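For reference, the structure is listed below as structure tokens.
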There are 4 protein chains.
Amino acid sequence: MARAIDLNTDAGESFGRWVLVDEGQLFRYVTSANIACGFHAGDPVSIWRSVRTAKSLGVAVGAHPGFPDLMGFGRREMQVSLEELKAYVIYQLGALDSFLRVEGMEMQHVKAHGALYNMAWVREDYARALVEAVHSYNRRLILVAPYGSAMARAAEELGLKVAYEAFIDRGYTPDGRLAPRGTPGALVTDLNKVVERALSIVDRGVVEAVDGRLIEVRAHTLCIHGDSPNAIEIAKAVSSKLREVGVELKPMAKVV
Amino acid sequence: MARAIDLNTDAGESFGRWVLVDEGQLFRYVTSANIACGFHAGDPVSIWRSVRTAKSLGVAVGAHPGFPDLMGFGRREMQVSLEELKAYVIYQLGALDSFLRVEGMEMQHVKAHGALYNMAWVREDYARALVEAVHSYNRRLILVAPYGSAMARAAEELGLKVAYEAFIDRGYTPDGRLAPRGTPGALVTDLNKVVERALSIVDRGVVEAVDGRLIEVRAHTLCIHGDSPNAIEIAKAVSSKLREVGVELKPMAKVV
Amino acid sequence: MARAIDLNTDAGESFGRWVLVDEGQLFRYVTSANIACGFHAGDPVSIWRSVRTAKSLGVAVGAHPGFPDLMGFGRREMQVSLEELKAYVIYQLGALDSFLRVEGMEMQHVKAHGALYNMAWVREDYARALVEAVHSYNRRLILVAPYGSAMARAAEELGLKVAYEAFIDRGYTPDGRLAPRGTPGALVTDLNKVVERALSIVDRGVVEAVDGRLIEVRAHTLCIHGDSPNAIEIAKAVSSKLREVGVELKPMAKVV
Amino acid sequence: MARAIDLNTDAGESFGRWVLVDEGQLFRYVTSANIACGFHAGDPVSIWRSVRTAKSLGVAVGAHPGFPDLMGFGRREMQVSLEELKAYVIYQLGALDSFLRVEGMEMQHVKAHGALYNMAWVREDYARALVEAVHSYNRRLILVAPYGSAMARAAEELGLKVAYEAFIDRGYTPDGRLAPRGTPGALVTDLNKVVERALSIVDRGVVEAVDGRLIEVRAHTLCIHGDSPNAIEIAKAVSSKLREVGVELKPMAKVV
């Protein structure tokens with residue numbers, strides 16, 4: 001039974017005039033923020049702002065690299081070469097890191113975004129390229145990845161620490177993957193259900209799949225989608241409930 | 001009389017399918033490369049390639065940040081806020097630095113690109129913002145700037161080292177600025193003239209302005225435009241001639 | 001005393017994941033929509049969606065071309081060549097027009113966006129290039145422009161119809177220009193004041209400038225900024241009030 | 001035996017500072033140009049320039065829409081929704097058409113670019129979406145597609161004219177598809193071989209596949225890749241040879 005867990009949220013996903021969420025609020029309830037790096041979202045001004053907000057609220061920061069697809073928010077699969085994939089990840093790590101350096105902070109982790117995350121979950125070649133990129137940049141970084149994923153395995157082989165991630169607002173298929181957006185049960189929008197799933201994962205290491213079956217889910221960190229319409233409400237409810245039942249919330253570096 | 005000088009070239013200014021110059025050739029004749037960082041030119045793959053080419057040929061690397069204007073190659077003035085300007089510069093320094101880190105190299109310098117360079121030459125506010133960005137990121141970096149420019153002054157006030165830059169393929173106005181592209185004498189394309197101007201600057205610290213008058217030009221580094229049609233030829237001729245007359249060519253860090 | 005007027009709103013200014021306003025609501029209260037064309041905002045999917053919403057609600061559609069500056073939402077001045085300016089406008093007109101063609105609609109007008117609008121307000125060369133671009137594409141299009149602006153004059157010289165535009169949520173300087181964003185009185189956020197200004201312009205052709213003086217403002221169309229936090233509320237209140245006092249609201253093509 | 005054929009070339013694939021080919025030369029030897037529309041290549045200035053060059057040299061113009069992937073030159077598969085695909089194609093047709101309209105020209109055809117072409121070759125859903133987009137925009141347009149491809153079938157079902165295209169500088173697999181770039185025989189670079197393949201296709205309707213087998217290839221138009229290093233030389237040699245043996249070269253509208 002896990003009694004300490006990290007709550008991570010995708011962040012920095014504004015772009016210029018477009019703002020997704022009030023991070024001054026959202027960051028009060030999470031312990032780690034995955035900040036977009038400019039490819040699927042995030043312009044330098046908004047990225048820097050997210051970094052400063054994280055700093056002022058004591059939230060640990062990681063990079064959230066994605067495909068170069070602003071129009072699709074990095075959620076569409078792209079067939080890039082492994083050289084391209086590595087170069088894209090390294091570039092984005094450095095871009096975000098520049099603001100951490102200026103603010104006197106350390107990067108804690110890397111969590112791939114959207115289609116890159118999903119592809120590296122199952123594709124060995126993408127997983128390997130992603131992990132090699134992270135490792136070549138800074139081998140002290142933690143990779144956020146689902147338990148049993150190709151990218152978790154690749155990271156462990158190369159000697160990177162891994163924080164297993166579970167999703168409390170997304171449906172799971174019976175084999176432990178995410179139900180694709182647009183399919184029944186893919187999104188869990190009921191607040192009580194989301195809280196309940198968080199508790200179930202933290203307390204018992206299981207969650208109900210879309211077919212009602214209980215499946216095992218190991219987690220060091222739970223994901224709060226920063227672009228959900230009620231992201232702040234979810235983060236608040238989940239963090240309150242977890243604290244209430246005695247679970248300690250802390251950045252993943254202190255959990256893994 | 002300067003007997004040591006740096007030859008710098010703009011580099012990494014390809015983008016995806018589009019390639020500007022064969023850097024495997026060009027880099028044989030220069031001592032420093034200003035590598036584009038993705039805003040006016042440069043995608044991660046081409047940037048990384050430029051970094052590796054520089055590494056293999058012993059060329060020192062600096063960042064070449066520009067405005068976010070791929071369509072205009074960063075050559076068009078943009079009225080950005082000072083917060084935007086600083087964030088853009090910091091982001092680009094980090095993005096390039098990621099590949100240097102992966103390759104075990106150190107960033108030597110920063111040279112603003114195109115319209116950003118020209119604006120920070122005269123505008124105190126842009127100069128100050130540019131210099132503060134560089135300084136906040138890494139105060140050991142050298143700023144490349146024209147002698148007497150607003151950005152040179154701002155750098156010296158803040159304690160950054162400055163490498164004075166002169167242009168051998170661009171015409172100067174009598175007051176020591178660059179003649180705007182498109183005006184008579186703005187581009188010096190004759191190879192012999194370019195070599196002669198390099199010699200004049202290095203040996204006597206003067207160059208002929210567009211009106212024929214001699215003006216004083218102090219230089220630690222001479223610029224070879226990497227996107228000139230005959231960039232390689234120019235670099236080769238200039239470096240040969242300078243060596244021939246006993247001028248030592250070395251990276252600006254050893255000249256300033 | 002004008003008894004018929006158009007209410008126009010900037011529209012289609014979403015981009016991929018980022019949505020600015022619910023146009024299904026907003027379009028109920030306006031008579032013309034200026035739809036972004038992909039340069040400062042608008043991806044093809046969101047543009048098409050805006051066109052269909054306009055069609056279903058009987059709103060007349062115009063193009064809202066801007067600078068190629070997604071990161072700055074087209075609000076930053078750029079020094080482009082006149083050839084570039086014309087090409088950018090023509091490209092954007094065609095891009096939007098494609099969806100009108102598919103939906104069996106006609107383009108009614110063109111309204112430049114942000115910095116392009118502001119620059120063409122006063123710069124003769126930009127005004128001329130903008131107008132020539134519109135005229136070369138379709139000389140039946142109406143240009144939306146402030147009374148007395150360089151672009152209104154250029155349009156009238158070339159024989160384009162002009163719809164004079166007034167701003168009810170932006171402060172005017174005593175000489176009839178917009179107070180720059182960020183200066184005192186630049187934004188009028190109080191709903192009652194906005195309604196009152198609309199009435200004043202429609203009924204008496206005057207509005208209070210930032211220094212309290214009354215200035216003359218001629219208008220065929222009033223602008224509702226689609227990206228204001230309370231755009232829908234403003235549009236609803238203004239349209240109700242105008243109808244209440246007997247002003248007829250109709251697309252600018254029937255007003256000019 | 002075909003005694004009339006079209007030679008088409010991809011064109012307008014410059015972007016800002018980056019130029020791929022001298023179209024003033026290339027267009028002397030082709031009869032149709034597929035002009036990029038800004039998504040995988042082409043900025044408004046370069047697109048307009050290509051249109052004017054085509055006009056002055058009597059070359060028929062078509063649209064060359066691609067995926068929104070400037071960094072990958074539209075050569076990487078992207079999993080977009082069918083709504084996105086249609087919106088992207090319509091937008092690009094209109095964008096190019098704007099310059100044809102200004103120049104008093106008519107669009108002749110549409111040829112998808114890169115990964116979009118390859119995916120619509122085999123994927124029924126993409127083929128259908130592409131064809132529906134073209135059809136909804138202008139049903140008089142000709143679709144360029146390989147004989148036997150999903151997109152050719154979809155076009156014929158919907159009543160669009162199809163110009164079958166063959167490739168003379170790319171290797172074919174025994175089942176009549178293109179050998180993927182990077183595999184043996186994928187690129188035919190020998191000039192004599194390219195000319196010979198052109199003749200074989202035009203005269204006998206067959207070409208040698210990568211395994212040496214002869215396969216049937218029906219063609220109304222032959223593709224000259226505008227971004228080949230020796231595109232102009234190829235176009236010149238092929239057009240000379242075809243004319244020499246009595247084949248008439250004319251725009252595809254007069255061939256299909």
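In the structure tokens, each chain is lettered A, B, ... as it comes, each chain's residues begin at 1, and ligands are numbered from 1 in order of appearance.
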
Residues of chain B within 9 Å of chain A, using only C-alpha atoms, as a PDB file with N, CA, C and O atoms, in the first residue's frame?
```pdb
ATOM      1  N   ASP B  43      16.257  23.510 -37.606  1.00  0.00           N
ATOM      2  CA  ASP B  43      15.421  22.547 -36.907  1.00  0.00           C
ATOM      3  C   ASP B  43      16.356  21.691 -36.057  1.00  0.00           C
ATOM      4  O   ASP B  43      17.571  21.697 -36.266  1.00  0.00           O
ATOM      5  N   PRO B  44      15.816  20.969 -35.073  1.00  0.00           N
ATOM      6  CA  PRO B  44      16.693  20.230 -34.164  1.00  0.00           C
ATOM      7  C   PRO B  44      17.693  19.322 -34.866  1.00  0.00           C
ATOM      8  O   PRO B  44      18.843  19.229 -34.436  1.00  0.00           O
ATOM      9  N   VAL B  45      17.280  18.668 -35.942  1.00  0.00           N
ATOM     10  CA  VAL B  45      18.203  17.757 -36.619  1.00  0.00           C
ATOM     11  C   VAL B  45      19.353  18.532 -37.265  1.00  0.00           C
ATOM     12  O   VAL B  45      20.527  18.161 -37.129  1.00  0.00           O
ATOM     13  N   ILE B  47      20.402  21.531 -36.457  1.00  0.00           N
ATOM     14  CA  ILE B  47      21.205  22.169 -35.411  1.00  0.00           C
ATOM     15  C   ILE B  47      22.213  21.174 -34.844  1.00  0.00           C
ATOM     16  O   ILE B  47      23.392  21.469 -34.697  1.00  0.00           O
ATOM     17  N   TRP B  48      21.710  20.001 -34.525  1.00  0.00           N
ATOM     18  CA  TRP B  48      22.578  18.963 -33.951  1.00  0.00           C
ATOM     19  C   TRP B  48      23.710  18.628 -34.933  1.00  0.00           C
ATOM     20  O   TRP B  48      24.869  18.476 -34.550  1.00  0.00           O
ATOM     21  N   GLU B  83       9.927  41.612 -22.216  1.00  0.00           N
ATOM     22  CA  GLU B  83       9.762  40.295 -21.595  1.00  0.00           C
ATOM     23  C   GLU B  83       9.803  39.213 -22.678  1.00  0.00           C
ATOM     24  O   GLU B  83      10.429  38.166 -22.502  1.00  0.00           O
ATOM     25  N   GLU B  84       9.148  39.466 -23.789  1.00  0.00           N
ATOM     26  CA  GLU B  84       9.178  38.512 -24.898  1.00  0.00           C
ATOM     27  C   GLU B  84      10.603  38.349 -25.423  1.00  0.00           C
ATOM     28  O   GLU B  84      11.088  37.231 -25.628  1.00  0.00           O
ATOM     29  N   LYS B  86      13.466  38.795 -23.968  1.00  0.00           N
ATOM     30  CA  LYS B  86      14.305  38.030 -23.047  1.00  0.00           C
ATOM     31  C   LYS B  86      13.946  36.543 -23.067  1.00  0.00           C
ATOM     32  O   LYS B  86      14.821  35.678 -23.106  1.00  0.00           O
ATOM     33  N   ALA B  87      12.645  36.274 -23.043  1.00  0.00           N
ATOM     34  CA  ALA B  87      12.214  34.869 -23.046  1.00  0.00           C
ATOM     35  C   ALA B  87      12.651  34.172 -24.338  1.00  0.00           C
ATOM     36  O   ALA B  87      13.079  33.015 -24.322  1.00  0.00           O
ATOM     37  N   TYR B  88      12.584  34.870 -25.460  1.00  0.00           N
ATOM     38  CA  TYR B  88      12.971  34.271 -26.736  1.00  0.00           C
ATOM     39  C   TYR B  88      14.466  33.943 -26.754  1.00  0.00           C
ATOM     40  O   TYR B  88      14.886  32.908 -27.269  1.00  0.00           O
ATOM     41  N   VAL B  89      15.255  34.851 -26.214  1.00  0.00           N
ATOM     42  CA  VAL B  89      16.702  34.627 -26.216  1.00  0.00           C
ATOM     43  C   VAL B  89      17.059  33.473 -25.282  1.00  0.00           C
ATOM     44  O   VAL B  89      17.812  32.565 -25.640  1.00  0.00           O
ATOM     45  N   ILE B  90      16.494  33.482 -24.096  1.00  0.00           N
ATOM     46  CA  ILE B  90      16.817  32.426 -23.129  1.00  0.00           C
ATOM     47  C   ILE B  90      16.427  31.056 -23.685  1.00  0.00           C
ATOM     48  O   ILE B  90      17.200  30.100 -23.627  1.00  0.00           O
ATOM     49  N   TYR B  91      15.221  30.974 -24.223  1.00  0.00           N
ATOM     50  CA  TYR B  91      14.736  29.715 -24.807  1.00  0.00           C
ATOM     51  C   TYR B  91      15.716  29.192 -25.853  1.00  0.00           C
ATOM     52  O   TYR B  91      16.094  28.015 -25.867  1.00  0.00           O
ATOM     53  N   GLN B  92      16.154  30.082 -26.725  1.00  0.00           N
ATOM     54  CA  GLN B  92      17.032  29.669 -27.820  1.00  0.00           C
ATOM     55  C   GLN B  92      18.424  29.274 -27.323  1.00  0.00           C
ATOM     56  O   GLN B  92      19.032  28.338 -27.854  1.00  0.00           O
ATOM     57  N   LEU B  93      18.918  29.966 -26.305  1.00  0.00           N
ATOM     58  CA  LEU B  93      20.214  29.571 -25.748  1.00  0.00           C
ATOM     59  C   LEU B  93      20.133  28.147 -25.199  1.00  0.00           C
ATOM     60  O   LEU B  93      21.010  27.312 -25.450  1.00  0.00           O
ATOM     61  N   GLY B  94      19.062  27.876 -24.467  1.00  0.00           N
ATOM     62  CA  GLY B  94      18.910  26.541 -23.897  1.00  0.00           C
ATOM     63  C   GLY B  94      18.747  25.473 -24.961  1.00  0.00           C
ATOM     64  O   GLY B  94      19.295  24.364 -24.848  1.00  0.00           O
ATOM     65  N   ALA B  95      17.982  25.805 -25.986  1.00  0.00           N
ATOM     66  CA  ALA B  95      17.737  24.820 -27.049  1.00  0.00           C
ATOM     67  C   ALA B  95      19.046  24.414 -27.712  1.00  0.00           C
ATOM     68  O   ALA B  95      19.333  23.231 -27.902  1.00  0.00           O
ATOM     69  N   LEU B  96      19.864  25.387 -28.061  1.00  0.00           N
ATOM     70  CA  LEU B  96      21.161  25.049 -28.668  1.00  0.00           C
ATOM     71  C   LEU B  96      22.061  24.346 -27.662  1.00  0.00           C
ATOM     72  O   LEU B  96      22.736  23.361 -27.982  1.00  0.00           O
ATOM     73  N   ASP B  97      22.061  24.849 -26.450  1.00  0.00           N
ATOM     74  CA  ASP B  97      22.957  24.319 -25.427  1.00  0.00           C
ATOM     75  C   ASP B  97      22.714  22.829 -25.183  1.00  0.00           C
ATOM     76  O   ASP B  97      23.631  22.089 -24.810  1.00  0.00           O
ATOM     77  N   SER B  98      21.487  22.384 -25.395  1.00  0.00           N
ATOM     78  CA  SER B  98      21.165  20.970 -25.166  1.00  0.00           C
ATOM     79  C   SER B  98      22.068  20.072 -26.014  1.00  0.00           C
ATOM     80  O   SER B  98      22.530  19.034 -25.553  1.00  0.00           O
ATOM     81  N   PHE B  99      22.322  20.481 -27.248  1.00  0.00           N
ATOM     82  CA  PHE B  99      23.147  19.642 -28.121  1.00  0.00           C
ATOM     83  C   PHE B  99      24.622  19.751 -27.749  1.00  0.00           C
ATOM     84  O   PHE B  99      25.379  18.782 -27.876  1.00  0.00           O
ATOM     85  N   ARG B 101      25.649  20.143 -24.729  1.00  0.00           N
ATOM     86  CA  ARG B 101      25.730  19.309 -23.534  1.00  0.00           C
ATOM     87  C   ARG B 101      25.860  17.837 -23.905  1.00  0.00           C
ATOM     88  O   ARG B 101      26.710  17.117 -23.364  1.00  0.00           O
ATOM     89  N   VAL B 102      25.015  17.409 -24.837  1.00  0.00           N
ATOM     90  CA  VAL B 102      25.041  16.021 -25.277  1.00  0.00           C
ATOM     91  C   VAL B 102      26.379  15.679 -25.931  1.00  0.00           C
ATOM     92  O   VAL B 102      26.884  14.561 -25.820  1.00  0.00           O
ATOM     93  N   GLU B 103      26.983  16.652 -26.587  1.00  0.00           N
ATOM     94  CA  GLU B 103      28.253  16.427 -27.274  1.00  0.00           C
ATOM     95  C   GLU B 103      29.461  16.769 -26.399  1.00  0.00           C
ATOM     96  O   GLU B 103      30.599  16.741 -26.875  1.00  0.00           O
ATOM     97  N   ALA B 133      19.272  38.848 -20.769  1.00  0.00           N
ATOM     98  CA  ALA B 133      18.913  37.446 -21.023  1.00  0.00           C
ATOM     99  C   ALA B 133      20.166  36.570 -21.044  1.00  0.00           C
ATOM    100  O   ALA B 133      20.233  35.529 -20.386  1.00  0.00           O
ATOM    101  N   SER B 136      21.723  36.360 -17.551  1.00  0.00           N
ATOM    102  CA  SER B 136      20.962  35.538 -16.602  1.00  0.00           C
ATOM    103  C   SER B 136      21.155  34.053 -16.899  1.00  0.00           C
ATOM    104  O   SER B 136      21.052  33.213 -16.015  1.00  0.00           O
ATOM    105  N   TYR B 137      21.419  33.758 -18.156  1.00  0.00           N
ATOM    106  CA  TYR B 137      21.585  32.354 -18.542  1.00  0.00           C
ATOM    107  C   TYR B 137      22.981  31.844 -18.219  1.00  0.00           C
ATOM    108  O   TYR B 137      23.158  30.747 -17.693  1.00  0.00           O
ATOM    109  N   ASN B 138      23.994  32.642 -18.558  1.00  0.00           N
ATOM    110  CA  ASN B 138      25.372  32.193 -18.336  1.00  0.00           C
ATOM    111  C   ASN B 138      26.308  33.382 -18.488  1.00  0.00           C
ATOM    112  O   ASN B 138      26.590  33.820 -19.600  1.00  0.00           O
TER     113      ASN B 138
END
```

Nearby residues (only C-alpha atoms) at most 12 Å from Arg243 (chain C), same-chain spacing under 5 positions excluded, as a compact mmCIF listing (two decimals) with N, CA and C atoms, in the first residue's frame:
```
# COMPACT_ATOMS: atom_id res chain seq x y z
N ARG C 3 -29.64 55.04 -38.33
CA ARG C 3 -30.65 54.18 -37.72
C ARG C 3 -30.46 52.73 -38.13
N ALA C 4 -29.39 52.47 -38.84
CA ALA C 4 -29.06 51.08 -39.16
C ALA C 4 -27.56 50.94 -38.98
N ILE C 5 -27.15 49.86 -38.40
CA ILE C 5 -25.71 49.65 -38.20
C ILE C 5 -25.41 48.16 -38.19
N ASP C 6 -24.16 47.88 -38.45
CA ASP C 6 -23.67 46.51 -38.42
C ASP C 6 -22.91 46.30 -37.12
N LEU C 7 -23.04 45.12 -36.52
CA LEU C 7 -22.16 44.75 -35.40
C LEU C 7 -21.22 43.68 -35.93
N TYR C 29 -25.68 37.53 -31.76
CA TYR C 29 -25.88 38.95 -31.47
C TYR C 29 -25.15 39.88 -32.43
N VAL C 30 -24.47 39.32 -33.42
CA VAL C 30 -23.76 40.18 -34.38
C VAL C 30 -24.31 39.96 -35.78
N VAL C 195 -22.10 49.92 -23.69
CA VAL C 195 -23.41 50.11 -24.32
C VAL C 195 -23.65 51.60 -24.59
N ALA C 198 -21.75 52.79 -27.53
CA ALA C 198 -22.38 52.33 -28.77
C ALA C 198 -23.53 53.26 -29.15
N LEU C 199 -24.35 53.57 -28.17
CA LEU C 199 -25.49 54.47 -28.41
C LEU C 199 -25.04 55.84 -28.87
N VAL C 202 -23.83 55.68 -32.47
CA VAL C 202 -24.89 55.46 -33.44
C VAL C 202 -25.83 56.66 -33.51
N LYS C 236 -24.51 40.83 -26.60
CA LYS C 236 -25.93 40.71 -26.27
C LYS C 236 -26.49 42.05 -25.78
N ALA C 237 -25.78 42.68 -24.87
CA ALA C 237 -26.26 43.93 -24.29
C ALA C 237 -26.34 45.03 -25.35
N VAL C 238 -25.28 45.14 -26.17
CA VAL C 238 -25.25 46.20 -27.17
C VAL C 238 -26.36 45.99 -28.20
N GLU C 248 -31.69 49.55 -36.49
CA GLU C 248 -31.76 48.28 -37.19
C GLU C 248 -30.36 47.70 -37.31
N LEU C 249 -30.22 46.44 -36.97
CA LEU C 249 -28.92 45.77 -37.11
C LEU C 249 -28.91 44.95 -38.37
N LYS C 250 -27.96 45.22 -39.25
CA LYS C 250 -27.85 44.40 -40.46
C LYS C 250 -26.43 44.39 -40.99
```

(request) Find the spatial neighbours of region 143-146 of chain C, counting only C-alpha atoms, within a cut-off of 8 Å - ignore same-chain residues fewer than 6 positions away - and output them as an MDAnalysis selection string. (result) chainID C and resid 109:112 121 131 152 155 160:166 219

For the residues selected in the previous step, produce a file with C-alpha atoms as a short mmCIF file (atom, residue, chain, number, x, y, z; two decimals), in the first residue's frame.
```
data_model
loop_
_atom_site.label_atom_id
_atom_site.label_comp_id
_atom_site.auth_asym_id
_atom_site.auth_seq_id
_atom_site.Cartn_x
_atom_site.Cartn_y
_atom_site.Cartn_z
CA HIS C 109 -15.71 42.21 -46.47
CA VAL C 110 -12.11 42.35 -45.33
CA LYS C 111 -10.91 43.69 -42.01
CA ALA C 112 -7.21 43.66 -41.27
CA TRP C 121 -4.55 53.06 -40.26
CA VAL C 131 -6.09 47.81 -50.53
CA ALA C 152 -10.05 54.17 -45.87
CA ALA C 155 -9.73 52.14 -50.63
CA LEU C 160 -13.42 49.82 -53.02
CA LYS C 161 -16.43 50.35 -50.76
CA VAL C 162 -15.50 51.17 -47.18
CA ALA C 163 -17.41 50.41 -44.00
CA TYR C 164 -16.30 52.85 -41.32
CA GLU C 165 -15.68 51.11 -38.07
CA ALA C 166 -15.87 52.38 -34.52
CA ALA C 219 -19.50 54.32 -38.18
#
```

(request) Please identify all polymer residues within 8 Å of Ala231 (chain D), counting only C-alpha atoms, omitting same-chain residues fewer than 6 positions from it, and present them as a PyMOL selection string. (result) chain D and resi 21+26+224-225

For those residues, write N, CA, C and O atoms to a file as a PDB file, in the first residue's frame.
```pdb
ATOM      1  N   VAL D  21      14.786  25.417 -56.341  1.00  0.00           N
ATOM      2  CA  VAL D  21      15.108  25.204 -57.744  1.00  0.00           C
ATOM      3  C   VAL D  21      14.809  26.487 -58.516  1.00  0.00           C
ATOM      4  O   VAL D  21      13.978  27.291 -58.092  1.00  0.00           O
ATOM      5  N   LEU D  26      13.326  25.435 -64.938  1.00  0.00           N
ATOM      6  CA  LEU D  26      12.600  24.164 -64.874  1.00  0.00           C
ATOM      7  C   LEU D  26      11.297  24.199 -65.665  1.00  0.00           C
ATOM      8  O   LEU D  26      10.958  23.243 -66.370  1.00  0.00           O
ATOM      9  N   ILE D 224       8.281  14.944 -62.629  1.00  0.00           N
ATOM     10  CA  ILE D 224       9.668  15.393 -62.473  1.00  0.00           C
ATOM     11  C   ILE D 224       9.770  15.992 -61.075  1.00  0.00           C
ATOM     12  O   ILE D 224       9.118  17.003 -60.795  1.00  0.00           O
ATOM     13  N   HIS D 225      10.540  15.382 -60.193  1.00  0.00           N
ATOM     14  CA  HIS D 225      10.649  15.939 -58.843  1.00  0.00           C
ATOM     15  C   HIS D 225      11.421  17.250 -58.863  1.00  0.00           C
ATOM     16  O   HIS D 225      12.605  17.277 -59.194  1.00  0.00           O
TER      17      HIS D 225
END
```

Region 93-246 of chain A: which residues are strand (DSSP E) by DSSP, as a short mmCIF file (atom, residue, chain, number, x, y, z; two decimals) with N, CA, C and O atoms, in the first residue's frame?
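Written out: states_38.cif:
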```cif
data_model
loop_
_atom_site.label_atom_id
_atom_site.label_comp_id
_atom_site.auth_asym_id
_atom_site.auth_seq_id
_atom_site.Cartn_x
_atom_site.Cartn_y
_atom_site.Cartn_z
N MET A 107 15.84 20.47 -13.12
CA MET A 107 14.80 19.67 -13.76
C MET A 107 14.70 18.32 -13.04
O MET A 107 15.72 17.69 -12.79
N GLN A 108 13.47 17.94 -12.71
CA GLN A 108 13.27 16.69 -11.96
C GLN A 108 13.03 15.50 -12.88
O GLN A 108 13.50 14.40 -12.62
N HIS A 109 12.23 15.72 -13.95
CA HIS A 109 11.75 14.56 -14.71
C HIS A 109 11.41 14.93 -16.14
O HIS A 109 11.43 16.10 -16.53
N VAL A 110 11.10 13.91 -16.91
CA VAL A 110 10.63 14.08 -18.28
C VAL A 110 9.40 13.21 -18.47
O VAL A 110 9.40 12.04 -18.09
N ILE A 142 14.32 11.69 -14.07
CA ILE A 142 13.37 10.59 -13.90
C ILE A 142 12.46 10.54 -15.12
O ILE A 142 11.98 11.59 -15.57
N LEU A 143 12.23 9.37 -15.66
CA LEU A 143 11.26 9.26 -16.76
C LEU A 143 9.90 8.86 -16.20
O LEU A 143 9.79 7.88 -15.46
N VAL A 144 8.89 9.60 -16.56
CA VAL A 144 7.52 9.25 -16.18
C VAL A 144 6.95 8.34 -17.25
O VAL A 144 6.96 8.69 -18.44
N ALA A 145 6.49 7.17 -16.84
CA ALA A 145 6.02 6.19 -17.83
C ALA A 145 5.09 5.20 -17.14
O ALA A 145 5.22 4.94 -15.95
N LYS A 161 16.01 6.31 -13.74
CA LYS A 161 14.91 6.07 -12.80
C LYS A 161 13.58 6.27 -13.50
O LYS A 161 13.46 7.14 -14.37
N VAL A 162 12.59 5.48 -13.10
CA VAL A 162 11.26 5.60 -13.71
C VAL A 162 10.23 5.88 -12.61
O VAL A 162 10.26 5.25 -11.56
N ALA A 163 9.35 6.83 -12.87
CA ALA A 163 8.18 7.02 -12.00
C ALA A 163 6.99 6.48 -12.75
O ALA A 163 6.62 6.99 -13.81
N TYR A 164 6.40 5.42 -12.19
CA TYR A 164 5.22 4.85 -12.85
C TYR A 164 4.04 5.79 -12.69
O TYR A 164 3.79 6.32 -11.62
N GLU A 165 3.34 5.94 -13.79
CA GLU A 165 2.24 6.90 -13.79
C GLU A 165 0.91 6.19 -14.00
O GLU A 165 0.79 5.30 -14.84
N ALA A 166 -0.10 6.64 -13.27
CA ALA A 166 -1.46 6.13 -13.50
C ALA A 166 -2.39 7.30 -13.80
O ALA A 166 -2.13 8.43 -13.40
N PHE A 167 -3.46 6.98 -14.52
CA PHE A 167 -4.41 8.01 -14.96
C PHE A 167 -5.73 7.82 -14.24
O PHE A 167 -6.31 6.74 -14.28
N VAL A 206 -5.05 -1.02 -7.74
CA VAL A 206 -5.93 -1.51 -8.79
C VAL A 206 -6.88 -0.41 -9.24
O VAL A 206 -7.10 0.57 -8.53
N VAL A 207 -7.43 -0.60 -10.45
CA VAL A 207 -8.43 0.32 -10.95
C VAL A 207 -9.38 -0.48 -11.84
O VAL A 207 -9.01 -1.52 -12.38
N GLU A 208 -10.59 0.05 -11.99
CA GLU A 208 -11.58 -0.64 -12.80
C GLU A 208 -11.36 -0.29 -14.26
O GLU A 208 -11.32 0.88 -14.63
N LEU A 214 -11.25 -5.47 -12.64
CA LEU A 214 -10.21 -4.77 -11.89
C LEU A 214 -8.85 -5.13 -12.49
O LEU A 214 -8.56 -6.30 -12.72
N ILE A 215 -8.04 -4.15 -12.75
CA ILE A 215 -6.69 -4.44 -13.24
C ILE A 215 -5.66 -3.81 -12.32
O ILE A 215 -5.95 -2.84 -11.62
N GLU A 216 -4.47 -4.38 -12.34
CA GLU A 216 -3.41 -3.87 -11.48
C GLU A 216 -2.78 -2.63 -12.11
O GLU A 216 -2.51 -2.62 -13.32
N THR A 221 3.07 8.20 -9.37
CA THR A 221 2.53 9.53 -9.64
C THR A 221 1.20 9.39 -10.37
O THR A 221 1.01 8.48 -11.19
N LEU A 222 0.26 10.27 -10.04
CA LEU A 222 -1.04 10.30 -10.69
C LEU A 222 -1.13 11.53 -11.57
O LEU A 222 -0.70 12.62 -11.17
N CYS A 223 -1.71 11.35 -12.75
CA CYS A 223 -1.79 12.46 -13.70
C CYS A 223 -3.08 13.25 -13.56
O CYS A 223 -4.16 12.67 -13.56
N ILE A 224 -2.95 14.57 -13.44
CA ILE A 224 -4.09 15.49 -13.52
C ILE A 224 -3.95 16.21 -14.85
O ILE A 224 -2.99 16.96 -15.06
#
```
